[in-house]
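This is data_32.cif (mmCIF, C-alpha atoms).
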```
data_final
loop_
_atom_site.label_atom_id
_atom_site.label_comp_id
_atom_site.auth_asym_id
_atom_site.auth_seq_id
_atom_site.Cartn_x
_atom_site.Cartn_y
_atom_site.Cartn_z
CA MET N 23 46.15 21.39 41.39
CA SER N 24 49.45 19.56 41.03
CA PHE N 25 48.56 16.50 43.08
CA GLU N 26 45.51 15.22 44.85
CA ILE N 27 46.24 11.84 46.34
CA SER N 28 44.28 9.72 48.76
CA VAL N 29 45.24 6.05 48.70
CA ARG N 30 45.37 3.03 50.94
CA LYS N 31 47.47 -0.05 50.28
CA ARG N 32 48.23 -3.06 52.39
CA LEU N 33 51.64 -4.61 51.68
CA GLY N 34 52.29 -7.60 53.90
CA GLU N 35 52.34 -6.27 57.46
CA ARG N 36 52.46 -2.63 56.42
CA ASP N 37 49.47 -0.43 55.92
CA ILE N 38 50.28 2.53 53.68
CA HIS N 39 47.84 5.37 53.97
CA VAL N 40 48.50 8.68 52.21
CA ASN N 41 46.20 11.64 51.91
CA PHE N 42 47.24 15.09 50.64
CA ARG N 43 46.64 17.87 48.13
CA SER N 44 49.36 20.10 46.84
CA ASP N 45 49.66 23.02 44.45
CA ALA N 46 53.40 23.38 44.74
CA LYS N 47 55.73 23.02 41.76
CA LEU N 48 57.69 20.53 43.80
CA THR N 49 56.01 18.51 46.51
CA ALA N 50 58.43 16.71 48.79
CA ILE N 51 57.60 13.47 50.56
CA ILE N 52 59.77 12.72 53.53
CA GLY N 53 59.92 9.83 55.96
CA PRO N 54 62.15 7.05 57.26
CA SER N 55 63.17 4.10 55.08
CA GLY N 56 60.50 1.48 54.72
CA CYS N 57 57.56 3.80 55.40
CA GLY N 58 56.19 3.34 51.87
CA LYS N 59 57.53 6.40 50.02
CA THR N 60 58.60 4.39 46.99
CA SER N 61 55.34 2.42 47.08
CA LEU N 62 53.49 5.74 46.87
CA LEU N 63 55.49 6.76 43.78
CA ASN N 64 54.87 3.31 42.27
CA MET N 65 51.14 3.81 42.78
CA VAL N 66 51.24 7.19 41.03
CA ALA N 67 53.23 5.63 38.16
CA GLY N 68 50.77 2.73 37.91
CA LEU N 69 53.33 0.07 38.80
CA LEU N 70 51.48 -0.74 42.03
CA ARG N 71 47.71 -0.82 42.34
CA PRO N 72 46.22 0.86 45.44
CA ASP N 73 43.58 -1.10 47.35
CA GLU N 74 41.36 1.95 47.34
CA GLY N 75 41.41 5.71 46.82
CA HIS N 76 42.17 8.10 44.01
CA ILE N 77 45.16 9.73 42.36
CA VAL N 78 44.81 12.95 40.42
CA ALA N 79 48.00 14.46 39.03
CA ALA N 80 48.57 17.42 36.71
CA GLY N 81 44.81 17.66 36.16
CA LYS N 82 44.35 14.02 35.12
CA THR N 83 42.68 11.25 37.05
CA LEU N 84 45.14 8.37 36.95
CA PHE N 85 43.37 6.10 39.38
CA ASP N 86 39.99 6.11 41.08
CA SER N 87 38.72 2.95 42.75
CA ALA N 88 35.19 4.37 43.09
CA ALA N 89 34.93 5.09 39.35
CA GLN N 90 36.95 1.96 38.47
CA ALA N 91 39.43 4.14 36.60
CA ASP N 92 42.99 2.83 36.24
CA VAL N 93 45.07 4.35 33.43
CA PRO N 94 47.73 1.84 32.19
CA VAL N 95 51.35 2.70 33.05
CA GLU N 96 52.37 3.38 29.47
CA GLU N 97 49.56 5.90 29.00
CA ARG N 98 50.04 7.85 32.21
CA ARG N 99 52.83 10.13 30.96
CA VAL N 100 54.48 9.96 34.32
CA GLY N 101 58.23 10.59 34.17
CA TYR N 102 59.87 8.41 36.82
CA VAL N 103 63.45 9.07 37.89
CA PHE N 104 64.34 5.91 39.79
CA GLN N 105 66.75 5.81 42.66
CA ASP N 106 68.77 3.12 40.91
CA GLY N 107 68.77 4.79 37.50
CA ARG N 108 67.62 1.75 35.53
CA LEU N 109 69.38 2.63 32.30
CA PHE N 110 68.98 -0.19 29.77
CA PRO N 111 72.34 -1.99 29.90
CA HIS N 112 72.19 -3.27 26.31
CA MET N 113 71.71 0.17 24.75
CA ARG N 114 74.17 3.03 24.38
CA VAL N 115 73.42 6.32 26.13
CA ARG N 116 71.97 7.78 22.92
CA ASP N 117 69.49 4.91 22.52
CA ASN N 118 68.56 5.12 26.19
CA LEU N 119 67.80 8.83 25.78
CA LEU N 120 65.70 8.20 22.67
CA TYR N 121 63.96 5.09 24.03
CA SER N 122 60.54 6.64 24.49
CA GLY N 123 58.41 6.45 21.35
CA ARG N 124 57.06 9.90 22.25
CA VAL N 125 60.40 11.51 21.38
CA ARG N 126 61.58 9.04 18.70
CA ARG N 127 58.45 9.56 16.64
CA THR N 128 58.93 13.34 16.50
CA GLU N 129 60.64 14.72 13.40
CA ASP N 130 63.12 16.91 15.26
CA HIS N 131 64.18 14.26 17.77
CA SER N 132 67.89 14.66 17.05
CA ALA N 133 67.63 18.38 17.78
CA LYS N 134 65.78 17.60 21.00
CA LEU N 135 68.45 15.06 21.92
CA GLN N 136 71.24 17.60 21.37
CA GLU N 137 69.41 20.25 23.36
CA MET N 138 68.82 17.90 26.29
CA ALA N 139 72.39 16.59 26.14
CA SER N 140 73.85 20.07 26.35
CA PHE N 141 71.46 21.08 29.14
CA LEU N 142 72.63 18.08 31.17
CA GLY N 143 76.26 18.27 30.05
CA ILE N 144 76.29 14.74 28.63
CA GLU N 145 77.14 15.48 24.97
CA THR N 146 80.37 13.48 25.20
CA LEU N 147 78.66 10.43 26.69
CA LEU N 148 76.22 9.63 23.88
CA ASN N 149 78.16 6.67 22.49
CA ARG N 150 79.04 5.17 25.86
CA TRP N 151 77.50 2.05 27.45
CA PRO N 152 75.65 2.57 30.74
CA ASN N 153 78.01 0.36 32.75
CA SER N 154 80.91 2.68 31.89
CA LEU N 155 79.23 5.74 33.44
CA SER N 156 79.90 7.17 36.89
CA GLY N 157 77.00 7.55 39.32
CA GLY N 158 76.52 11.25 38.56
CA GLU N 159 76.69 10.69 34.79
CA ALA N 160 74.18 7.86 34.96
CA GLN N 161 71.77 9.94 37.02
CA ARG N 162 71.98 12.80 34.48
CA VAL N 163 71.28 10.38 31.61
CA THR N 164 68.33 8.95 33.54
CA LEU N 165 66.95 12.46 34.07
CA GLY N 166 67.43 13.21 30.36
CA ARG N 167 65.69 10.01 29.26
CA THR N 168 62.75 10.80 31.51
CA LEU N 169 62.44 14.44 30.37
CA LEU N 170 62.68 13.43 26.70
CA SER N 171 59.69 11.10 27.13
CA ASP N 172 57.56 14.27 27.29
CA PRO N 173 55.91 13.58 30.67
CA ASP N 174 53.07 15.53 32.30
CA LEU N 175 54.65 15.20 35.73
CA LEU N 176 57.82 13.91 37.35
CA LEU N 177 58.39 11.40 40.12
CA MET N 178 61.82 11.44 41.75
CA ASP N 179 62.83 8.69 44.13
CA GLU N 180 65.88 9.82 46.11
CA PRO N 181 67.71 10.90 42.96
CA LEU N 182 70.72 12.03 45.02
CA GLY N 183 70.82 8.85 47.09
CA ALA N 184 73.74 7.15 45.38
CA LEU N 185 75.90 10.27 44.84
CA ASP N 186 78.81 11.91 46.68
CA MET N 187 78.58 15.52 47.91
CA ALA N 188 80.05 17.21 44.82
CA ARG N 189 77.71 15.32 42.45
CA ARG N 190 74.74 16.00 44.71
CA GLU N 191 75.17 19.75 44.29
CA GLU N 192 75.40 19.37 40.52
CA ILE N 193 72.23 17.26 40.21
CA MET N 194 70.41 19.43 42.77
CA LYS N 195 70.97 22.49 40.54
CA MET N 196 69.52 20.62 37.58
CA ILE N 197 66.47 19.61 39.56
CA GLU N 198 65.98 23.27 40.59
CA HIS N 199 66.24 24.24 36.97
CA VAL N 200 63.63 21.66 35.97
CA ARG N 201 61.39 22.81 38.83
CA ASP N 202 61.60 26.51 37.89
CA ASP N 203 61.70 26.45 34.10
CA MET N 204 59.62 23.48 32.99
CA ALA N 205 55.94 23.42 33.84
CA LEU N 206 56.12 19.96 35.37
CA PRO N 207 54.71 19.20 38.80
CA ILE N 208 57.27 17.13 40.71
CA LEU N 209 56.75 14.59 43.47
CA TYR N 210 60.09 14.25 45.23
CA VAL N 211 60.87 11.53 47.72
CA SER N 212 63.73 11.78 50.19
CA HIS N 213 64.75 10.82 53.71
CA ASP N 214 67.02 13.86 54.09
CA PRO N 215 65.27 16.93 55.65
CA ARG N 216 67.99 19.39 54.51
CA GLU N 217 67.71 18.31 50.89
CA VAL N 218 63.94 18.67 51.00
CA GLU N 219 64.00 22.08 52.75
CA ARG N 220 66.12 23.52 50.00
CA LEU N 221 63.88 22.23 47.21
CA SER N 222 60.38 22.90 48.46
CA ASP N 223 58.10 24.62 50.96
CA THR N 224 55.55 21.88 50.62
CA VAL N 225 56.71 18.88 52.59
CA ILE N 226 54.53 15.89 53.36
CA ALA N 227 55.74 13.67 56.18
CA MET N 228 54.93 9.97 55.99
CA MET C 7 87.80 -42.32 6.07
CA VAL C 8 84.16 -41.55 6.66
CA THR C 9 81.95 -43.39 4.15
CA ASP C 10 79.02 -41.96 2.21
CA ALA C 11 76.63 -44.04 4.30
CA GLU C 12 78.08 -42.47 7.45
CA ILE C 13 77.73 -38.98 5.97
CA ALA C 14 74.09 -39.79 5.24
CA ILE C 15 73.62 -40.88 8.87
CA LEU C 16 75.21 -37.64 10.07
CA LEU C 17 72.97 -35.53 7.80
CA LEU C 18 69.87 -37.44 8.93
CA SER C 19 70.86 -36.85 12.57
CA LEU C 20 71.35 -33.12 11.95
CA LYS C 21 67.99 -32.91 10.13
CA VAL C 22 66.12 -34.73 12.89
CA SER C 23 67.71 -32.61 15.64
CA LEU C 24 67.28 -29.30 13.81
CA VAL C 25 63.61 -29.91 13.10
CA ALA C 26 63.07 -31.09 16.68
CA ILE C 27 64.62 -27.90 18.10
CA ILE C 28 62.95 -25.50 15.67
CA VAL C 29 59.51 -26.91 16.46
CA ALA C 30 60.15 -27.19 20.20
CA ALA C 31 61.77 -23.74 20.61
CA PRO C 32 58.64 -21.52 20.66
CA LEU C 33 56.83 -24.03 22.89
CA ALA C 34 59.78 -24.20 25.26
CA PHE C 35 60.03 -20.41 25.37
CA GLY C 36 56.33 -20.03 26.12
CA MET C 37 56.53 -22.66 28.85
CA ALA C 38 59.69 -21.08 30.32
CA TRP C 39 57.96 -17.68 30.35
CA LEU C 40 54.90 -19.16 32.04
CA LEU C 41 57.02 -20.83 34.73
CA ALA C 42 59.24 -17.79 35.24
CA ARG C 43 56.65 -15.04 35.26
CA VAL C 44 53.12 -16.29 35.86
CA ARG C 45 51.61 -17.56 39.12
CA PHE C 46 48.85 -20.10 38.68
CA PRO C 47 47.46 -23.14 40.48
CA GLY C 48 49.09 -26.40 39.44
CA LYS C 49 52.37 -24.73 38.49
CA LEU C 50 54.43 -27.17 40.54
CA LEU C 51 52.73 -30.12 38.86
CA LEU C 52 53.27 -28.67 35.37
CA ASP C 53 56.91 -28.07 36.22
CA ALA C 54 57.25 -31.70 37.32
CA VAL C 55 55.51 -33.06 34.20
CA ILE C 56 57.81 -31.03 31.94
CA HIS C 57 60.82 -32.49 33.70
CA LEU C 58 59.59 -36.08 33.48
CA PRO C 59 61.54 -37.01 30.29
CA LEU C 60 64.70 -36.03 32.16
CA VAL C 61 64.20 -38.69 34.84
CA VAL C 62 61.89 -41.35 33.40
CA PRO C 63 63.72 -44.14 31.48
CA PRO C 64 63.84 -42.97 27.83
CA VAL C 65 62.27 -46.30 26.77
CA VAL C 66 59.20 -45.39 28.84
CA THR C 67 58.99 -41.98 27.14
CA GLY C 68 59.18 -43.79 23.78
CA TRP C 69 56.43 -46.18 24.86
CA MET C 70 54.23 -43.22 25.91
CA LEU C 71 54.79 -41.59 22.52
CA LEU C 72 53.79 -44.87 20.91
CA ILE C 73 50.55 -44.92 22.88
CA LEU C 74 49.75 -41.26 22.11
CA PHE C 75 50.98 -41.03 18.51
CA GLY C 76 50.47 -44.60 17.32
CA PRO C 77 47.70 -45.36 14.76
CA GLN C 78 45.26 -46.04 17.61
CA GLY C 79 46.62 -43.30 19.86
CA ALA C 80 44.61 -40.24 20.89
CA ILE C 81 46.79 -37.82 18.91
CA GLY C 82 48.04 -40.30 16.29
CA SER C 83 44.57 -41.29 15.07
CA TRP C 84 43.54 -37.64 14.94
CA LEU C 85 46.63 -36.67 12.89
CA GLU C 86 46.04 -39.59 10.53
CA HIS C 87 42.34 -38.87 10.09
CA TRP C 88 42.45 -35.08 9.65
CA LEU C 89 45.87 -34.41 8.20
CA GLY C 90 46.79 -37.77 6.72
CA VAL C 91 50.03 -37.62 8.71
CA SER C 92 51.65 -40.54 10.45
CA LEU C 93 54.78 -40.25 12.55
CA MET C 94 55.27 -43.99 12.94
CA PHE C 95 58.58 -45.32 11.59
CA ARG C 96 59.27 -41.90 10.03
CA TRP C 97 62.10 -39.44 10.62
CA THR C 98 59.43 -36.95 11.78
CA GLY C 99 58.65 -39.38 14.62
CA ALA C 100 62.35 -39.45 15.48
CA ALA C 101 62.29 -35.64 15.56
CA LEU C 102 59.28 -35.74 17.90
CA ALA C 103 61.07 -38.14 20.25
CA ALA C 104 64.22 -36.00 20.16
CA GLY C 105 62.21 -32.81 20.79
CA VAL C 106 60.35 -34.31 23.75
CA MET C 107 63.60 -35.54 25.33
CA ALA C 108 65.34 -32.18 24.81
CA PHE C 109 62.34 -30.12 25.98
CA PRO C 110 63.08 -30.06 29.74
CA LEU C 111 66.69 -28.98 29.19
CA MET C 112 65.56 -26.16 26.89
CA VAL C 113 62.86 -24.97 29.29
CA ARG C 114 65.32 -25.00 32.18
CA ALA C 115 67.93 -22.88 30.41
CA MET C 116 65.35 -20.45 29.02
CA ARG C 117 63.61 -20.13 32.36
CA LEU C 118 66.86 -19.19 34.10
CA ALA C 119 67.54 -16.60 31.39
CA ILE C 120 64.06 -15.09 31.72
CA GLU C 121 64.28 -15.03 35.51
CA ALA C 122 67.56 -13.14 35.25
CA VAL C 123 65.90 -10.26 33.37
CA ASP C 124 65.39 -7.38 35.81
CA ILE C 125 61.68 -6.62 35.97
CA ARG C 126 62.55 -3.11 37.15
CA LEU C 127 64.01 -2.39 33.71
CA GLU C 128 60.76 -3.52 32.10
CA ASN C 129 58.83 -1.25 34.45
CA ALA C 130 61.10 1.66 33.56
CA ALA C 131 60.37 1.05 29.88
CA ARG C 132 56.64 1.08 30.54
CA THR C 133 56.80 4.43 32.34
CA LEU C 134 58.51 5.75 29.19
CA GLY C 135 55.40 4.80 27.21
CA ALA C 136 56.39 1.39 25.81
CA SER C 137 53.61 -1.13 25.15
CA HIS C 138 53.86 -4.70 26.47
CA TRP C 139 54.95 -5.87 23.02
CA ARG C 140 57.69 -3.26 22.75
CA VAL C 141 58.92 -4.04 26.27
CA LEU C 142 59.17 -7.71 25.26
CA THR C 143 60.99 -7.09 21.98
CA SER C 144 63.26 -4.21 23.03
CA ILE C 145 64.07 -5.09 26.65
CA SER C 146 63.16 -8.63 27.78
CA LEU C 147 64.16 -10.63 24.69
CA PRO C 148 67.49 -8.89 24.01
CA LEU C 149 68.46 -9.27 27.68
CA CYS C 150 67.68 -12.99 27.84
CA PHE C 151 68.73 -13.79 24.26
CA PRO C 152 72.12 -15.40 25.02
CA GLY C 153 70.44 -17.70 27.55
CA ILE C 154 67.74 -18.62 25.05
CA VAL C 155 70.34 -19.52 22.42
CA ALA C 156 72.34 -21.48 24.98
CA GLY C 157 69.16 -23.42 25.75
CA LEU C 158 68.64 -24.15 22.06
CA ILE C 159 72.18 -25.42 21.62
CA LEU C 160 71.91 -27.60 24.72
CA GLY C 161 68.63 -29.02 23.42
CA PHE C 162 70.23 -29.62 20.03
CA ALA C 163 73.11 -31.54 21.61
CA ARG C 164 70.65 -33.62 23.65
CA SER C 165 68.63 -34.37 20.50
CA LEU C 166 71.73 -35.60 18.68
CA GLY C 167 72.32 -38.14 21.42
CA GLU C 168 68.71 -39.35 21.68
CA PHE C 169 68.49 -43.16 21.64
CA GLY C 170 66.01 -44.91 23.92
CA ALA C 171 62.81 -43.03 23.16
CA THR C 172 63.59 -43.02 19.44
CA ILE C 173 64.25 -46.73 19.07
CA SER C 174 61.13 -47.70 21.04
CA PHE C 175 58.88 -45.19 19.25
CA VAL C 176 60.02 -45.30 15.61
CA SER C 177 62.37 -48.30 15.56
CA ASN C 178 65.79 -48.39 13.87
CA ILE C 179 65.22 -47.99 10.12
CA GLU C 180 68.13 -47.21 7.85
CA GLY C 181 67.79 -43.87 6.07
CA GLU C 182 64.66 -42.96 8.01
CA THR C 183 65.15 -43.19 11.76
CA ARG C 184 68.70 -44.52 12.11
CA THR C 185 70.44 -41.48 13.62
CA LEU C 186 74.03 -41.48 14.92
CA PRO C 187 73.42 -43.30 18.24
CA LEU C 188 71.17 -45.89 16.57
CA ALA C 189 73.74 -46.45 13.81
CA ILE C 190 76.46 -46.95 16.40
CA TYR C 191 74.25 -49.46 18.19
CA SER C 192 73.62 -51.32 14.90
CA GLN C 193 77.30 -51.42 14.04
CA LEU C 194 78.09 -52.78 17.48
CA GLN C 195 75.78 -55.71 16.68
CA THR C 196 77.45 -56.27 13.30
CA PRO C 197 80.63 -58.39 12.98
CA GLY C 198 83.47 -56.20 11.66
CA GLY C 199 81.63 -52.95 12.45
CA GLU C 200 84.25 -51.72 14.94
CA GLU C 201 85.92 -49.24 12.60
CA SER C 202 82.62 -47.68 11.65
CA VAL C 203 81.70 -47.47 15.35
CA THR C 204 84.92 -45.59 16.04
CA ARG C 205 84.30 -43.06 13.27
CA LEU C 206 80.66 -42.50 14.23
CA ALA C 207 81.54 -42.20 17.91
CA ILE C 208 84.22 -39.60 17.16
CA LEU C 209 81.69 -37.66 15.07
CA SER C 210 79.22 -37.77 17.96
CA ILE C 211 81.74 -36.62 20.52
CA ALA C 212 83.01 -33.80 18.28
CA LEU C 213 79.48 -32.52 17.60
CA SER C 214 78.49 -32.62 21.26
CA LEU C 215 81.68 -30.96 22.38
CA ALA C 216 81.26 -28.17 19.82
CA ALA C 217 77.68 -27.58 20.96
CA LEU C 218 78.60 -27.47 24.65
CA LEU C 219 81.51 -25.11 23.99
CA ALA C 220 79.30 -22.80 21.93
CA SER C 221 76.69 -22.76 24.66
CA GLU C 222 79.24 -22.05 27.39
CA ILE C 223 80.91 -19.26 25.39
CA LEU C 224 77.55 -17.60 24.77
CA VAL C 225 76.61 -17.67 28.44
CA ARG C 226 79.99 -16.30 29.50
CA ARG C 227 80.03 -13.59 26.88
CA SER C 228 76.60 -12.36 27.88
CA GLY C 229 77.78 -12.33 31.49
CA THR C 230 80.80 -10.12 30.83
CA LYS C 231 79.20 -7.77 28.33
CA ARG C 232 76.15 -6.89 30.34
CA GLY C 233 77.53 -7.49 33.77
CA SER C 234 75.29 -6.90 36.68
CA TYR C 235 74.03 -3.42 36.25
CA VAL C 236 74.58 -1.03 39.10
CA LEU C 237 74.23 2.73 39.01
#
```
Before anything else, please render the file you have as structure tokens.
Amino acid sequence: MSFEISVRKRLGERDIHVNFRSDAKLTAIIGPSGCGKTSLLNMVAGLLRPDEGHIVAAGKTLFDSAAQADVPVEERRVGYVFQDGRLFPHMRVRDNLLYSGRVRRTEDHSAKLQEMASFLGIETLLNRWPNSLSGGEAQRVTLGRTLLSDPDLLLMDEPLGALDMARREEIMKMIEHVRDDMALPILYVSHDPREVERLSDTVIAM
Amino acid sequence: MVTDAEIAILLLSLKVSLVAIIVAAPLAFGMAWLLARVRFPGKLLLDAVIHLPLVVPPVVTGWMLLILFGPQGAIGSWLEHWLGVSLMFRWTGAALAAGVMAFPLMVRAMRLAIEAVDIRLENAARTLGASHWRVLTSISLPLCFPGIVAGLILGFARSLGEFGATISFVSNIEGETRTLPLAIYSQLQTPGGEESVTRLAILSIALSLAALLASEILVRRSGTKRGSYVL
């Protein structure tokens, strides 16, 4: 089971209610802006606490209101690719990629860094500052930083949202590669039906 | 030329202000963090109390310090009894007065710096496995550091100029509590003290100007280096 999610959350006037199970490698969540897609990802990541329900992902119970289980964010091993990248502006690309203690503490972290950099085609960017990167470059670095943190699953919040058509294709191919070659269940949020159709057969509408 | 006595006054002023800022800095940072990040009942009142020294006549602040830290005061008698420490008529009392007067300015600058740190970056760090402590030391503090230092410099400049609270709390004692502004005041009362007043005043203005410039440069530099981060 990749994901088993049943949560309820009241945010101001909105009532977010999500209930699904999925075994797919990539589960797509689709819906109009403001319907609570990002809130759902935040609940899976542990950044937002559901009012009630449970979240099981990649075989681990991350949250269960009945059992009073709530794994802290930093222990969830949830890789979150944010829509707005969120690279740390005061660190070079290399330090962003190696931020997670889970990769930095490993002995062969520089080999892992090189491998990831060549997979994403960002070898020449390692000494750059985030604010000097283009949108596509920044999104690749964000993906690399997330993958290097050795997550059990991936959350992607409109990762193509801020990119032009040419860059979209490039990042889309990388996401397909991650989906097919790394054993990571992915929860993918988008508002674009065509994008979602290409990536997954399992589409949840919100 | 500046006389040895004037150099001694300058050094005493620097000592008083430095100690005031070093002691007040962690308290100011904690208070700024509380006001910027934590929601609790009575926050508005606490915010107002912290800002009081900024608006109350400094003489009143000095009088309140006298009541609290005097030999019969709630804190003063405790300090005297348990630690054998008295702040009355001592340079340490002058440092306390300077620190209290500079406190609101420091909290204000630090609070703005903390509020400017993007919480989304801290959240991103946590999803990458960073503990609260590591998020603080590797993300929050480095991002608000220039603002924190600017707050310290501003507080330092304010301490150097402290007059009213100091003179009413610890009096005007040569070599102990007579800092630059108090020395200028004394010289103004002394026949033939005009030249000394001029030199001390120029020293004061130069120090304050240097501090303000340093603070402004730090804030600007942090603004251009980091910029507002967009993907």
Result set, the PyMOL selection byres ((chain N) within 6 of (chain C)) on current file, as a list in words
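Output of the PyMOL selection byres ((chain N) within 6 of (chain C)): Val95, Glu96, Asp106, Arg108, Ser122, Gly157 and Ser171 of chain N.
Using all atoms listed in the file, the residues found no farther than 8 Å from Thr172 in chain C, other than those of its own chain fewer than 4 positions away, are Gly68, Gly99, Ala100, Ala103, Ala104, Glu168, Val176, Ser177 and Thr183 of chain C.
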Check the smallest atom-to-atom distance from each of C:Leu71, C:Val155, C:Cys150, C:Leu209 to Glu121 in chain C using all atoms listed in the file, then report the winner.
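For Glu121 in chain C, the nearest of the given residues is C:Cys150.
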Pairwise distance for CA of Val100 in chain N and CA of Ser87 in chain N, rounded to one decimal in Å:
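Atom-to-atom, CA of Val100 in chain N to CA of Ser87 in chain N, that is 19.2 Å.
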Quick one, how far is CA of Ala14 in chain C from CA of Pro64 in chain C?
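That distance, rounded to one decimal, is 25.0 Å.
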Using the chain letters and residue numbers of this document, give as number ranges by chain the residues selected by the PyMOL selection byres ((chain N and resi 117) around 12).
N: 109-116, 118-123, 125-126, 131-132, 135, 147-152, 163-164, 166-167, 170; C: 144
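Using all atoms listed in the file, the nearest neighbour of Asn178 in chain C within the list C:Met94, C:Ala163, C:Leu111, C:Val44 is C:Met94.
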Go ahead and compute the interatomic distance for CA of Ala119 in chain C and CA of Val29 in chain C, in Å to one decimal.
19.8 Å
Result set of the PyMOL selection byres ((chain C and resi 74) around 12) on the coordinates above, as a tab-separated table (two decimals) with C-alpha atoms, in the coordinates of the input:
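The resulting file, part.tsv, is shown below:
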```
chain	number	residue	atom	x	y	z
C	67	THR	CA	58.99	-41.98	27.14
C	68	GLY	CA	59.18	-43.79	23.78
C	69	TRP	CA	56.43	-46.18	24.86
C	70	MET	CA	54.23	-43.22	25.91
C	71	LEU	CA	54.79	-41.59	22.52
C	72	LEU	CA	53.79	-44.87	20.91
C	73	ILE	CA	50.55	-44.92	22.88
C	75	PHE	CA	50.98	-41.03	18.51
C	76	GLY	CA	50.47	-44.60	17.32
C	77	PRO	CA	47.70	-45.36	14.76
C	78	GLN	CA	45.26	-46.04	17.61
C	79	GLY	CA	46.62	-43.30	19.86
C	80	ALA	CA	44.61	-40.24	20.89
C	81	ILE	CA	46.79	-37.82	18.91
C	82	GLY	CA	48.04	-40.30	16.29
C	83	SER	CA	44.57	-41.29	15.07
C	84	TRP	CA	43.54	-37.64	14.94
C	85	LEU	CA	46.63	-36.67	12.89
C	92	SER	CA	51.65	-40.54	10.45
C	93	LEU	CA	54.78	-40.25	12.55
C	94	MET	CA	55.27	-43.99	12.94
C	99	GLY	CA	58.65	-39.38	14.62
C	102	LEU	CA	59.28	-35.74	17.90
C	103	ALA	CA	61.07	-38.14	20.25
C	175	PHE	CA	58.88	-45.19	19.25
```
Do a neighbour search on Gly58 in chain N at 10 Å with only C-alpha atoms, toss out local chain neighbours closer than 2 positions, and write the hits as a PyMOL selection string.
chain N and resi 31+33+36-40+53-56+60-64+228
Given the choices C:Lys21, C:Arg205, C:Arg96, C:His57, which gets closest to Ala38 in chain C if the distance is worked out from only C-alpha atoms?
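Among the listed residues, the smallest separation from Ala38 in chain C belongs to C:His57.
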Nearest to Ser221 in chain C: which of C:Gly181, C:Phe162, C:Leu206, C:Gly170 is it, counting all atoms listed in the file?
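Of all the options, C:Phe162 lies closest to Ser221 in chain C.
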Leaving out Val103 in chain N and any residue of its chain fewer than 6 positions from it, which residues lie within 8 Å of it when counting all atoms listed in the file, given as a PyMOL selection string?
chain N and resi 164-165+168+176-179+181
Using only C-alpha atoms, give me every residue within 10 Å of (71.5, 12.8, 44.8) in file coordinates, as a ChimeraX atom specification.
/N:105,157-158,161,179-194,197,212,217
The residue from N:Ser222, N:Leu175, N:Glu129, N:Ala227 with the smallest atom-to-atom distance to Ala205 in chain N, counting all atoms listed in the file, is N:Leu175
Using only C-alpha atoms, pick whichever of C:Leu41, C:Ala26, C:Leu16, C:Leu188 has the shortest atom-to-atom distance to Ala54 in chain C.
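Checking each candidate against Ala54 in chain C, we get C:Leu41 as the closest.
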